[in-house]
Amino acid sequence: MEPRQGWGRALVGGKLQGSLQLGPGRVASGLRNWADSKQGRRAGVRVGFPRRKRKGHGRSACRFSTGAIRVEADRHHVTLPRLGCLKTHESTRKLARRLEQGTARILAATISQQGGRWFVSFTCQVQRTQRRPRRPAASVGVDVGVRHLAVLSSGEQVANPRPLAADLRRLRRLSRQLARQRGPRAPDGTLRPPSAGWRRTQRKLARRHARVANLRAEALHQLTTGLAAE
């Protein structure tokens, strides 16, 4: 058994507020990563100097690592610092079972917004058995393409789900509807309060784009997980 870092994600409801609890720690981590990357002590893509998070441009998220962070026994509520008890739309039974058995420990919780919905993600230390592929000695070559998601050296062709092409009709309709409504900018470019209908359509359009992104990510996860397991 070995400890591993994992993420548990659940959709939560209600209005959430940000927190400045981990601001200084994030700044220190960003400066350290920038210095290590500049001096060649950090592998991977070059890390730039930390930039200020701009309202409306950054990712709507906040992270908690101290305080009351727990999964309630009813499998449909989580408790977070400053926010209290929140109801989840998805069951948390998998994480709750590991916490009850003592094979997992919550280290932090992150609240984020995507497509007009709020999610809570738990950073957990999990003890699990090291899995081995079914055929450890086998190897395969992968060619990522456009017509197909991937073509394997074994001759197998993985179909491309093309979630964007499947949703283009709905996206075009929502985009035209959004353009006809009263938006945040007037024809002369001045700012103005948008209408309630414009806000509703914008949320619908954001959810459709989030769905396309989630379907694309799910296809990649299934492909890579299958290759690693086999």
# chains A, B, ... in the order shown; residues from 1 in each chain; ligands from 1

call {"tool": "select_by_dssp", "arguments": {"residues": "stretch 114-194 of chain A", "states": "helix (DSSP H, G or I)", "output": "ChimeraX atom specification"}}
result
/A:163-180

call {"tool": "residues_around", "arguments": {"residues": "A:Val140", "least_positions_apart": "3", "cutoff": "7 Å", "atoms": "only C-alpha atoms", "output": "number ranges by chain"}}
result
A: 152-154

call {"tool": "write_last_selection", "arguments": {"atoms": "all heavy atoms", "output": "tab-separated table (two decimals), in the first residue's frame"}}
result
chain	number	residue	atom	x	y	z
A	152	LEU	N	-3.76	3.11	-33.19
A	152	LEU	CA	-2.76	2.32	-32.48
A	152	LEU	C	-1.96	1.47	-33.46
A	152	LEU	O	-2.44	1.13	-34.55
A	152	LEU	CB	-3.44	1.43	-31.44
A	152	LEU	CG	-4.40	2.12	-30.47
A	152	LEU	CD1	-4.92	1.13	-29.46
A	152	LEU	CD2	-3.74	3.30	-29.79
A	153	SER	N	-0.76	1.13	-33.05
A	153	SER	CA	0.10	0.30	-33.90
A	153	SER	C	-0.47	-1.10	-34.07
A	153	SER	O	-0.08	-1.82	-34.99
A	153	SER	CB	1.51	0.23	-33.31
A	153	SER	OG	1.46	-0.30	-31.99
A	154	SER	N	-1.38	-1.50	-33.20
A	154	SER	CA	-2.02	-2.80	-33.33
A	154	SER	C	-3.09	-2.82	-34.40
A	154	SER	O	-3.68	-3.87	-34.68
A	154	SER	CB	-2.64	-3.21	-31.98
A	154	SER	OG	-3.59	-2.25	-31.57

call {"tool": "closest_atom_pairs", "arguments": {"of": "stretch 7-123 of chain A", "to": "stretch 190-210 of chain A", "cutoff": "12 Å", "atoms": "only C-alpha atoms", "output": "tab-separated table"}}
result
residue	atom	partner	partner_atom	distance
A:Gln113	CA	A:Ala210	CA	10.6
A:Gln114	CA	A:Ala210	CA	6.8
A:Gly115	CA	A:Arg207	CA	4.4
A:Gly116	CA	A:Arg203	CA	5.9
A:Arg117	CA	A:Arg207	CA	8.3
A:Trp118	CA	A:Arg207	CA	11.8

call {"tool": "write_last_selection", "arguments": {"atoms": "all heavy atoms", "output": "CSV table (one decimal), in the first residue's frame"}}
result
chain,number,residue,atom,x,y,z
A,113,GLN,N,-15.9,27.2,-10.2
A,113,GLN,CA,-17.1,27.4,-11.0
A,113,GLN,C,-16.8,27.1,-12.5
A,113,GLN,O,-15.7,27.5,-13.0
A,113,GLN,CB,-17.6,28.9,-11.0
A,113,GLN,CG,-18.9,29.1,-11.7
A,113,GLN,CD,-19.3,30.6,-11.7
A,113,GLN,OE1,-18.4,31.5,-11.7
A,113,GLN,NE2,-20.6,30.9,-11.7
A,114,GLN,N,-17.7,26.4,-13.1
A,114,GLN,CA,-17.5,26.0,-14.5
A,114,GLN,C,-18.9,25.9,-15.2
A,114,GLN,O,-19.8,25.2,-14.7
A,114,GLN,CB,-16.8,24.6,-14.7
A,114,GLN,CG,-16.6,24.2,-16.1
A,114,GLN,CD,-16.0,22.8,-16.2
A,114,GLN,OE1,-16.0,22.1,-15.3
A,114,GLN,NE2,-15.6,22.5,-17.4
A,115,GLY,N,-19.1,26.7,-16.2
A,115,GLY,CA,-20.4,26.6,-16.9
A,115,GLY,C,-21.6,27.0,-16.0
A,115,GLY,O,-22.7,26.4,-16.2
A,116,GLY,N,-21.4,28.0,-15.1
A,116,GLY,CA,-22.5,28.4,-14.3
A,116,GLY,C,-22.8,27.5,-13.1
A,116,GLY,O,-23.8,27.7,-12.4
A,117,ARG,N,-22.0,26.5,-12.9
A,117,ARG,CA,-22.2,25.5,-11.8
A,117,ARG,C,-20.9,25.5,-10.9
A,117,ARG,O,-19.8,25.8,-11.4
A,117,ARG,CB,-22.4,24.1,-12.3
A,117,ARG,CG,-23.7,24.0,-13.1
A,117,ARG,CD,-23.9,22.6,-13.7
A,117,ARG,NE,-25.1,22.4,-14.4
A,117,ARG,CZ,-25.5,21.3,-15.0
A,117,ARG,NH1,-24.7,20.3,-15.0
A,117,ARG,NH2,-26.7,21.3,-15.6
A,118,TRP,N,-21.2,25.3,-9.6
A,118,TRP,CA,-20.1,25.2,-8.6
A,118,TRP,C,-19.7,23.8,-8.3
A,118,TRP,O,-20.6,23.0,-8.1
A,118,TRP,CB,-20.5,26.0,-7.4
A,118,TRP,CG,-20.6,27.5,-7.6
A,118,TRP,CD1,-21.8,28.2,-7.9
A,118,TRP,CD2,-19.6,28.4,-7.5
A,118,TRP,NE1,-21.5,29.5,-8.0
A,118,TRP,CE2,-20.1,29.7,-7.8
A,118,TRP,CE3,-18.2,28.3,-7.2
A,118,TRP,CZ2,-19.4,30.9,-7.7
A,118,TRP,CZ3,-17.5,29.5,-7.2
A,118,TRP,CH2,-18.0,30.7,-7.5

call {"tool": "residues_around", "arguments": {"residues": "A:Ala104", "least_positions_apart": "6", "cutoff": "8 Å", "atoms": "only C-alpha atoms", "output": "number ranges by chain"}}
result
A: 95, 98, 124-127

call {"tool": "select_by_dssp", "arguments": {"residues": "chain A", "states": "strand (DSSP E or B)", "output": "NGL selection string"}}
result
:A and (2-12 or 61-64 or 70-71 or 77-80 or 84-88 or 104-114 or 117-128 or 142-143 or 148-152 or 157-159 or 185 or 191)
